Amino acid sequence: MSEKTKAILYVISAAFFFSLMTLFLKLAGDLPVYEKSFFRNLIALLFAAAIMIKNKIPFSTGGSENIKYLLFRAVGGTVGIFCNFYAVDHLVLSDANMLNKLSPFFAVVFSYLILKERVAPYQIGCLCLAFFGALLILKPGFDSLVTLSALIGMLGGLGAGFAYTNVRICSKHGVPGPFIVFFFSTFSCLASIPLSLADLRPVTPMQFLFLILTGLAACGGQFSITAAYSHAPAKEISIYDYSQILFAAVLGSLFLNETPDMLSVMGYLVILCASAIMFYRNRE
């Protein structure tokens, strides 16, 4: 099996795990997003710490200049998770997953603003196309909670895009990947505690089980995506990450009796088209 084939299988595996994560999140029921976020990140924290101890990676930022970017990554990622979890609770599962997949497009914007990277004309065109697709899912009008929830879901993609840009900066500065995950997970857990205590709700045994499964699925996705990019560059395999939308649509239909409306499906196709153009142009 070639390295690229392995990478593609890992990406598809990650997409499945992340779609499972959103399903378990929704099955956990009516709990505050902060409570759900705490459990999801606590498990990621424990896994990251175990990997660092096993591989003797120091619990160090690698220099004081990296603290700022680690904090930016943590804040962006935490806001992204809060918004994404809110969207998962209030939207059709595939809608919430697709809005979160706008993060690569936001990453292009932040790469221009923060890293001063050149944005090619085709990237600007793809950005416009992707946001048009997002509008089809958002259904502007603000006349319903669904529209507001979709907007929050898009903000989740924005937060993730900002976080990924700062991950790139940290990686360029030599900060180990497991420490970036550990720092972010610790920050997110600490941020979730006071917000959870302000609206603390008892967790039933079944909800606790789904919260644990949420964290385990998230870890499975994280390890799979890390393995994927160790076998092939992002420009070769990133398009396969959108298989998560298909998995989410199938899981939502099977377990939640959800069906996305026609406008949302059109939005998916437009965003996938923009992603495909970016993918093939990046390969060139």
# chains A, B, ... in the order shown; residues from 1 in each chain; ligands from 1
call {"tool": "closest_atom_pairs", "arguments": {"of": "segment 68-108 of chain A", "to": "segment 189-207 of chain A", "cutoff": "12 Å", "atoms": "only C-alpha atoms", "output": "JSON lines"}}
result
{"residue": "A:Ala74", "atom": "CA", "partner": "A:Ala191", "partner_atom": "CA", "distance": 10.0}
{"residue": "A:Val75", "atom": "CA", "partner": "A:Ala191", "partner_atom": "CA", "distance": 9.3}
{"residue": "A:Gly77", "atom": "CA", "partner": "A:Ala191", "partner_atom": "CA", "distance": 11.5}
{"residue": "A:Thr78", "atom": "CA", "partner": "A:Ala191", "partner_atom": "CA", "distance": 8.1}
{"residue": "A:Val79", "atom": "CA", "partner": "A:Ala191", "partner_atom": "CA", "distance": 10.1}
{"residue": "A:Ile81", "atom": "CA", "partner": "A:Ser192", "partner_atom": "CA", "distance": 10.8}
{"residue": "A:Phe82", "atom": "CA", "partner": "A:Ser192", "partner_atom": "CA", "distance": 9.3}
call {"tool": "write_last_selection", "arguments": {"atoms": "N, CA, C and O atoms", "output": "short mmCIF file (atom, residue, chain, number, x, y, z; two decimals), in the first residue's frame"}}
result
data_model
loop_
_atom_site.label_atom_id
_atom_site.label_comp_id
_atom_site.auth_asym_id
_atom_site.auth_seq_id
_atom_site.Cartn_x
_atom_site.Cartn_y
_atom_site.Cartn_z
N ALA A 74 -5.30 28.47 21.63
CA ALA A 74 -6.20 27.95 22.64
C ALA A 74 -7.52 28.71 22.67
O ALA A 74 -8.60 28.11 22.75
N VAL A 75 -7.44 30.03 22.59
CA VAL A 75 -8.67 30.85 22.61
C VAL A 75 -9.50 30.59 21.37
O VAL A 75 -10.72 30.37 21.44
N GLY A 77 -9.44 27.95 19.40
CA GLY A 77 -9.95 26.59 19.42
C GLY A 77 -11.10 26.42 20.41
O GLY A 77 -12.07 25.71 20.13
N THR A 78 -11.00 27.08 21.56
CA THR A 78 -12.06 26.98 22.57
C THR A 78 -13.35 27.62 22.09
O THR A 78 -14.43 27.05 22.22
N VAL A 79 -13.23 28.81 21.51
CA VAL A 79 -14.41 29.48 20.94
C VAL A 79 -14.99 28.62 19.82
O VAL A 79 -16.21 28.45 19.70
N ILE A 81 -14.85 25.35 19.48
CA ILE A 81 -15.53 24.17 20.04
C ILE A 81 -16.88 24.56 20.65
O ILE A 81 -17.89 23.89 20.43
N PHE A 82 -16.90 25.66 21.42
CA PHE A 82 -18.16 26.09 22.02
C PHE A 82 -19.22 26.33 20.93
O PHE A 82 -20.37 25.88 21.04
#
call {"tool": "residues_around", "arguments": {"residues": "segment 123-137 of chain A", "least_positions_apart": "5", "cutoff": "8 Å", "atoms": "only C-alpha atoms", "output": "PDB file with all heavy atoms, in the first residue's frame"}}
result
ATOM      1  N   ASP A  95     -25.450  19.772   8.665  1.00  0.00           N
ATOM      2  CA  ASP A  95     -25.301  21.228   8.572  1.00  0.00           C
ATOM      3  C   ASP A  95     -24.200  21.712   9.511  1.00  0.00           C
ATOM      4  O   ASP A  95     -23.339  22.511   9.125  1.00  0.00           O
ATOM      5  CB  ASP A  95     -26.615  21.925   8.953  1.00  0.00           C
ATOM      6  CG  ASP A  95     -27.600  22.006   7.792  1.00  0.00           C
ATOM      7  OD1 ASP A  95     -27.357  21.325   6.774  1.00  0.00           O
ATOM      8  OD2 ASP A  95     -28.591  22.737   7.904  1.00  0.00           O
ATOM      9  N   LEU A  99     -20.634  23.524   8.293  1.00  0.00           N
ATOM     10  CA  LEU A  99     -20.270  24.883   8.697  1.00  0.00           C
ATOM     11  C   LEU A  99     -18.911  24.886   9.394  1.00  0.00           C
ATOM     12  O   LEU A  99     -18.126  25.825   9.229  1.00  0.00           O
ATOM     13  CB  LEU A  99     -21.351  25.475   9.613  1.00  0.00           C
ATOM     14  CG  LEU A  99     -22.670  25.820   8.908  1.00  0.00           C
ATOM     15  CD1 LEU A  99     -23.741  26.160   9.930  1.00  0.00           C
ATOM     16  CD2 LEU A  99     -22.478  26.982   7.935  1.00  0.00           C
ATOM     17  N   LEU A 102     -15.793  25.083   7.167  1.00  0.00           N
ATOM     18  CA  LEU A 102     -15.378  26.352   6.564  1.00  0.00           C
ATOM     19  C   LEU A 102     -14.031  26.811   7.115  1.00  0.00           C
ATOM     20  O   LEU A 102     -13.451  27.776   6.609  1.00  0.00           O
ATOM     21  CB  LEU A 102     -16.429  27.440   6.835  1.00  0.00           C
ATOM     22  CG  LEU A 102     -17.760  27.324   6.095  1.00  0.00           C
ATOM     23  CD1 LEU A 102     -18.748  28.356   6.629  1.00  0.00           C
ATOM     24  CD2 LEU A 102     -17.567  27.511   4.600  1.00  0.00           C
ATOM     25  N   PHE A 105     -11.075  27.766   4.830  1.00  0.00           N
ATOM     26  CA  PHE A 105     -11.228  29.028   4.121  1.00  0.00           C
ATOM     27  C   PHE A 105     -10.914  30.212   5.038  1.00  0.00           C
ATOM     28  O   PHE A 105     -10.274  31.176   4.629  1.00  0.00           O
ATOM     29  CB  PHE A 105     -12.644  29.140   3.550  1.00  0.00           C
ATOM     30  CG  PHE A 105     -12.966  28.072   2.539  1.00  0.00           C
ATOM     31  CD1 PHE A 105     -13.668  26.943   2.902  1.00  0.00           C
ATOM     32  CD2 PHE A 105     -12.534  28.194   1.234  1.00  0.00           C
ATOM     33  CE1 PHE A 105     -13.960  25.952   1.977  1.00  0.00           C
ATOM     34  CE2 PHE A 105     -12.813  27.206   0.294  1.00  0.00           C
ATOM     35  CZ  PHE A 105     -13.522  26.084   0.667  1.00  0.00           C
ATOM     36  N   VAL A 108      -7.205  30.641   5.366  1.00  0.00           N
ATOM     37  CA  VAL A 108      -6.586  31.407   4.276  1.00  0.00           C
ATOM     38  C   VAL A 108      -6.628  32.907   4.600  1.00  0.00           C
ATOM     39  O   VAL A 108      -5.645  33.627   4.410  1.00  0.00           O
ATOM     40  CB  VAL A 108      -7.307  31.128   2.937  1.00  0.00           C
ATOM     41  CG1 VAL A 108      -6.822  32.083   1.847  1.00  0.00           C
ATOM     42  CG2 VAL A 108      -7.088  29.689   2.503  1.00  0.00           C
ATOM     43  N   ALA A 150     -27.118  28.483  12.943  1.00  0.00           N
ATOM     44  CA  ALA A 150     -26.232  28.308  11.798  1.00  0.00           C
ATOM     45  C   ALA A 150     -25.137  29.364  11.790  1.00  0.00           C
ATOM     46  O   ALA A 150     -23.982  29.085  11.469  1.00  0.00           O
ATOM     47  CB  ALA A 150     -27.036  28.357  10.497  1.00  0.00           C
ATOM     48  N   MET A 154     -21.088  28.831  11.932  1.00  0.00           N
ATOM     49  CA  MET A 154     -20.088  29.417  11.046  1.00  0.00           C
ATOM     50  C   MET A 154     -18.997  30.110  11.864  1.00  0.00           C
ATOM     51  O   MET A 154     -17.816  30.058  11.506  1.00  0.00           O
ATOM     52  CB  MET A 154     -20.727  30.405  10.077  1.00  0.00           C
ATOM     53  CG  MET A 154     -19.783  30.827   8.952  1.00  0.00           C
ATOM     54  SD  MET A 154     -20.584  31.801   7.662  1.00  0.00           S
ATOM     55  CE  MET A 154     -20.717  33.385   8.479  1.00  0.00           C
ATOM     56  N   LEU A 263     -31.937  23.541   0.290  1.00  0.00           N
ATOM     57  CA  LEU A 263     -30.995  24.663   0.305  1.00  0.00           C
ATOM     58  C   LEU A 263     -29.674  24.265   0.954  1.00  0.00           C
ATOM     59  O   LEU A 263     -28.596  24.647   0.482  1.00  0.00           O
ATOM     60  CB  LEU A 263     -31.600  25.862   1.047  1.00  0.00           C
ATOM     61  CG  LEU A 263     -32.487  26.806   0.245  1.00  0.00           C
ATOM     62  CD1 LEU A 263     -33.026  27.901   1.139  1.00  0.00           C
ATOM     63  CD2 LEU A 263     -31.732  27.412  -0.932  1.00  0.00           C
ATOM     64  N   SER A 264     -29.747  23.494   2.036  1.00  0.00           N
ATOM     65  CA  SER A 264     -28.530  23.046   2.706  1.00  0.00           C
ATOM     66  C   SER A 264     -27.718  22.134   1.795  1.00  0.00           C
ATOM     67  O   SER A 264     -26.497  22.257   1.698  1.00  0.00           O
ATOM     68  CB  SER A 264     -28.871  22.309   4.005  1.00  0.00           C
ATOM     69  OG  SER A 264     -29.323  23.206   4.994  1.00  0.00           O
ATOM     70  N   MET A 266     -27.684  22.125  -1.426  1.00  0.00           N
ATOM     71  CA  MET A 266     -27.068  22.988  -2.437  1.00  0.00           C
ATOM     72  C   MET A 266     -25.842  23.691  -1.864  1.00  0.00           C
ATOM     73  O   MET A 266     -24.818  23.836  -2.529  1.00  0.00           O
ATOM     74  CB  MET A 266     -28.084  24.007  -2.948  1.00  0.00           C
ATOM     75  CG  MET A 266     -29.190  23.413  -3.808  1.00  0.00           C
ATOM     76  SD  MET A 266     -30.503  24.608  -4.195  1.00  0.00           S
ATOM     77  CE  MET A 266     -29.564  25.845  -5.110  1.00  0.00           C
ATOM     78  N   GLY A 267     -25.950  24.122  -0.599  1.00  0.00           N
ATOM     79  CA  GLY A 267     -24.810  24.757   0.064  1.00  0.00           C
ATOM     80  C   GLY A 267     -23.639  23.804   0.194  1.00  0.00           C
ATOM     81  O   GLY A 267     -22.477  24.195  -0.023  1.00  0.00           O
ATOM     82  N   TYR A 268     -23.921  22.535   0.544  1.00  0.00           N
ATOM     83  CA  TYR A 268     -22.858  21.530   0.638  1.00  0.00           C
ATOM     84  C   TYR A 268     -22.117  21.421  -0.695  1.00  0.00           C
ATOM     85  O   TYR A 268     -20.887  21.391  -0.748  1.00  0.00           O
ATOM     86  CB  TYR A 268     -23.423  20.137   0.954  1.00  0.00           C
ATOM     87  CG  TYR A 268     -24.206  19.984   2.230  1.00  0.00           C
ATOM     88  CD1 TYR A 268     -24.976  18.855   2.450  1.00  0.00           C
ATOM     89  CD2 TYR A 268     -24.187  20.968   3.213  1.00  0.00           C
ATOM     90  CE1 TYR A 268     -25.701  18.685   3.609  1.00  0.00           C
ATOM     91  CE2 TYR A 268     -24.920  20.811   4.374  1.00  0.00           C
ATOM     92  CZ  TYR A 268     -25.681  19.671   4.572  1.00  0.00           C
ATOM     93  OH  TYR A 268     -26.403  19.510   5.718  1.00  0.00           O
ATOM     94  N   LEU A 269     -22.901  21.329  -1.789  1.00  0.00           N
ATOM     95  CA  LEU A 269     -22.308  21.134  -3.114  1.00  0.00           C
ATOM     96  C   LEU A 269     -21.448  22.324  -3.516  1.00  0.00           C
ATOM     97  O   LEU A 269     -20.365  22.158  -4.097  1.00  0.00           O
ATOM     98  CB  LEU A 269     -23.412  20.896  -4.150  1.00  0.00           C
ATOM     99  CG  LEU A 269     -24.217  19.600  -3.975  1.00  0.00           C
ATOM    100  CD1 LEU A 269     -25.366  19.540  -4.982  1.00  0.00           C
ATOM    101  CD2 LEU A 269     -23.317  18.381  -4.120  1.00  0.00           C
ATOM    102  N   VAL A 270     -21.912  23.535  -3.189  1.00  0.00           N
ATOM    103  CA  VAL A 270     -21.138  24.738  -3.529  1.00  0.00           C
ATOM    104  C   VAL A 270     -19.821  24.768  -2.753  1.00  0.00           C
ATOM    105  O   VAL A 270     -18.752  25.038  -3.315  1.00  0.00           O
ATOM    106  CB  VAL A 270     -21.965  26.011  -3.239  1.00  0.00           C
ATOM    107  CG1 VAL A 270     -21.097  27.265  -3.369  1.00  0.00           C
ATOM    108  CG2 VAL A 270     -23.147  26.110  -4.201  1.00  0.00           C
ATOM    109  N   ILE A 271     -19.874  24.461  -1.456  1.00  0.00           N
ATOM    110  CA  ILE A 271     -18.661  24.472  -0.635  1.00  0.00           C
ATOM    111  C   ILE A 271     -17.709  23.354  -1.080  1.00  0.00           C
ATOM    112  O   ILE A 271     -16.487  23.553  -1.144  1.00  0.00           O
ATOM    113  CB  ILE A 271     -19.011  24.335   0.860  1.00  0.00           C
ATOM    114  CG1 ILE A 271     -19.788  25.568   1.330  1.00  0.00           C
ATOM    115  CG2 ILE A 271     -17.750  24.157   1.707  1.00  0.00           C
ATOM    116  CD1 ILE A 271     -20.357  25.459   2.727  1.00  0.00           C
ATOM    117  N   ALA A 274     -15.940  24.544  -4.160  1.00  0.00           N
ATOM    118  CA  ALA A 274     -14.861  25.485  -3.818  1.00  0.00           C
ATOM    119  C   ALA A 274     -13.665  24.742  -3.235  1.00  0.00           C
ATOM    120  O   ALA A 274     -12.505  25.051  -3.553  1.00  0.00           O
ATOM    121  CB  ALA A 274     -15.375  26.527  -2.820  1.00  0.00           C
ATOM    122  N   SER A 275     -13.935  23.744  -2.405  1.00  0.00           N
ATOM    123  CA  SER A 275     -12.852  22.963  -1.798  1.00  0.00           C
ATOM    124  C   SER A 275     -12.089  22.171  -2.855  1.00  0.00           C
ATOM    125  O   SER A 275     -10.860  22.067  -2.798  1.00  0.00           O
ATOM    126  CB  SER A 275     -13.422  21.995  -0.757  1.00  0.00           C
ATOM    127  OG  SER A 275     -14.147  22.687   0.230  1.00  0.00           O
ATOM    128  N   ILE A 277     -11.722  22.918  -6.025  1.00  0.00           N
ATOM    129  CA  ILE A 277     -10.889  23.846  -6.807  1.00  0.00           C
ATOM    130  C   ILE A 277      -9.609  24.179  -6.049  1.00  0.00           C
ATOM    131  O   ILE A 277      -8.507  24.143  -6.599  1.00  0.00           O
ATOM    132  CB  ILE A 277     -11.672  25.136  -7.131  1.00  0.00           C
ATOM    133  CG1 ILE A 277     -12.856  24.812  -8.064  1.00  0.00           C
ATOM    134  CG2 ILE A 277     -10.755  26.173  -7.792  1.00  0.00           C
ATOM    135  CD1 ILE A 277     -13.813  25.981  -8.252  1.00  0.00           C
ATOM    136  N   MET A 278      -9.753  24.492  -4.743  1.00  0.00           N
ATOM    137  CA  MET A 278      -8.576  24.793  -3.906  1.00  0.00           C
ATOM    138  C   MET A 278      -7.640  23.603  -3.869  1.00  0.00           C
ATOM    139  O   MET A 278      -6.406  23.743  -3.972  1.00  0.00           O
ATOM    140  CB  MET A 278      -9.022  25.141  -2.485  1.00  0.00           C
ATOM    141  CG  MET A 278      -9.743  26.460  -2.357  1.00  0.00           C
ATOM    142  SD  MET A 278      -8.648  27.830  -1.936  1.00  0.00           S
ATOM    143  CE  MET A 278      -8.408  27.535  -0.207  1.00  0.00           C
TER     144      MET A 278
END
call {"tool": "closest_residue", "arguments": {"among": "A:Pro104, A:Gly156, A:Gly177, A:Pro32", "to": "Leu70 of chain A", "atoms": "only C-alpha atoms"}}
result
A:Gly177
call {"tool": "select_by_dssp", "arguments": {"residues": "segment 128-226 of chain A", "states": "alpha helix (DSSP H)", "output": "PyMOL selection string"}}
result
chain A and resi 128-138+145-172+177-198+205-226
call {"tool": "closest_residue", "arguments": {"among": "A:Thr165, A:Ser103, A:Asn97, A:Ser149", "to": "Thr22 of chain A", "atoms": "only C-alpha atoms"}}
result
A:Asn97
call {"tool": "residues_around", "arguments": {"residues": "Ala218 of chain A", "least_positions_apart": "5", "cutoff": "12 Å", "atoms": "only C-alpha atoms", "output": "NGL selection string"}}
result
:A and (13-25 or 37 or 39-45 or 47 or 81 or 185 or 211-213 or 223-225)
call {"tool": "closest_residue", "arguments": {"among": "A:Ala217, A:Val119, A:Ile152, A:Val167", "to": "Ala87 of chain A", "atoms": "only C-alpha atoms"}}
result
A:Ile152
call {"tool": "residues_around", "arguments": {"residues": "Gly174 of chain A", "least_positions_apart": "4", "cutoff": "10 Å", "atoms": "only C-alpha atoms", "output": "VMD selection string"}}
result
chain A and resid 61 to 63 66 168 to 170
call {"tool": "write_last_selection", "arguments": {"atoms": "all heavy atoms", "output": "mmCIF file, in the first residue's frame"}}
result
data_model
loop_
_atom_site.group_PDB
_atom_site.id
_atom_site.type_symbol
_atom_site.label_atom_id
_atom_site.label_comp_id
_atom_site.auth_asym_id
_atom_site.auth_seq_id
_atom_site.Cartn_x
_atom_site.Cartn_y
_atom_site.Cartn_z
ATOM 1 N N THR A 61 6.969 25.386 26.517
ATOM 2 C CA THR A 61 6.497 26.154 25.355
ATOM 3 C C THR A 61 7.586 26.316 24.313
ATOM 4 O O THR A 61 7.310 26.765 23.198
ATOM 5 C CB THR A 61 6.016 27.546 25.787
ATOM 6 O OG1 THR A 61 7.112 28.261 26.373
ATOM 7 C CG2 THR A 61 4.874 27.439 26.792
ATOM 8 N N GLY A 62 8.834 25.979 24.671
ATOM 9 C CA GLY A 62 9.937 26.127 23.727
ATOM 10 C C GLY A 62 10.412 27.549 23.570
ATOM 11 O O GLY A 62 11.123 27.870 22.616
ATOM 12 N N GLY A 63 10.032 28.419 24.494
ATOM 13 C CA GLY A 63 10.453 29.818 24.433
ATOM 14 C C GLY A 63 9.286 30.745 24.730
ATOM 15 O O GLY A 63 8.136 30.450 24.368
ATOM 16 N N ASN A 66 6.606 31.914 22.155
ATOM 17 C CA ASN A 66 5.555 31.010 21.678
ATOM 18 C C ASN A 66 4.286 31.072 22.520
ATOM 19 O O ASN A 66 3.234 30.596 22.088
ATOM 20 C CB ASN A 66 6.065 29.563 21.666
ATOM 21 C CG ASN A 66 7.172 29.351 20.647
ATOM 22 O OD1 ASN A 66 7.183 29.974 19.604
ATOM 23 N ND2 ASN A 66 8.105 28.468 20.972
ATOM 24 N N ARG A 168 0.096 26.533 12.960
ATOM 25 C CA ARG A 168 1.175 26.592 11.971
ATOM 26 C C ARG A 168 2.352 27.399 12.489
ATOM 27 O O ARG A 168 3.510 27.029 12.322
ATOM 28 C CB ARG A 168 0.663 27.219 10.668
ATOM 29 C CG ARG A 168 -0.203 26.289 9.837
ATOM 30 C CD ARG A 168 -0.520 26.909 8.495
ATOM 31 N NE ARG A 168 0.697 27.194 7.753
ATOM 32 C CZ ARG A 168 0.779 28.076 6.769
ATOM 33 N NH1 ARG A 168 -0.286 28.786 6.435
ATOM 34 N NH2 ARG A 168 1.907 28.248 6.120
ATOM 35 N N ILE A 169 2.045 28.529 13.129
ATOM 36 C CA ILE A 169 3.121 29.370 13.670
ATOM 37 C C ILE A 169 3.884 28.617 14.754
ATOM 38 O O ILE A 169 5.123 28.607 14.775
ATOM 39 C CB ILE A 169 2.554 30.693 14.232
ATOM 40 C CG1 ILE A 169 1.882 31.500 13.115
ATOM 41 C CG2 ILE A 169 3.663 31.525 14.889
ATOM 42 C CD1 ILE A 169 1.155 32.737 13.607
ATOM 43 N N CYS A 170 3.153 27.976 15.666
ATOM 44 C CA CYS A 170 3.793 27.217 16.745
ATOM 45 C C CYS A 170 4.649 26.083 16.184
ATOM 46 O O CYS A 170 5.767 25.836 16.667
ATOM 47 C CB CYS A 170 2.731 26.650 17.689
ATOM 48 S SG CYS A 170 1.853 27.891 18.664
#
call {"tool": "closest_residue", "arguments": {"among": "A:Leu209, A:Phe59, A:Ile245, A:Phe179", "to": "Val265 of chain A", "atoms": "only C-alpha atoms"}}
result
A:Ile245
call {"tool": "atom_distance", "arguments": {"atom1": "atom CA of Leu46 of chain A", "atom2": "atom CA of Ile237 of chain A"}}
result
28.5 Å
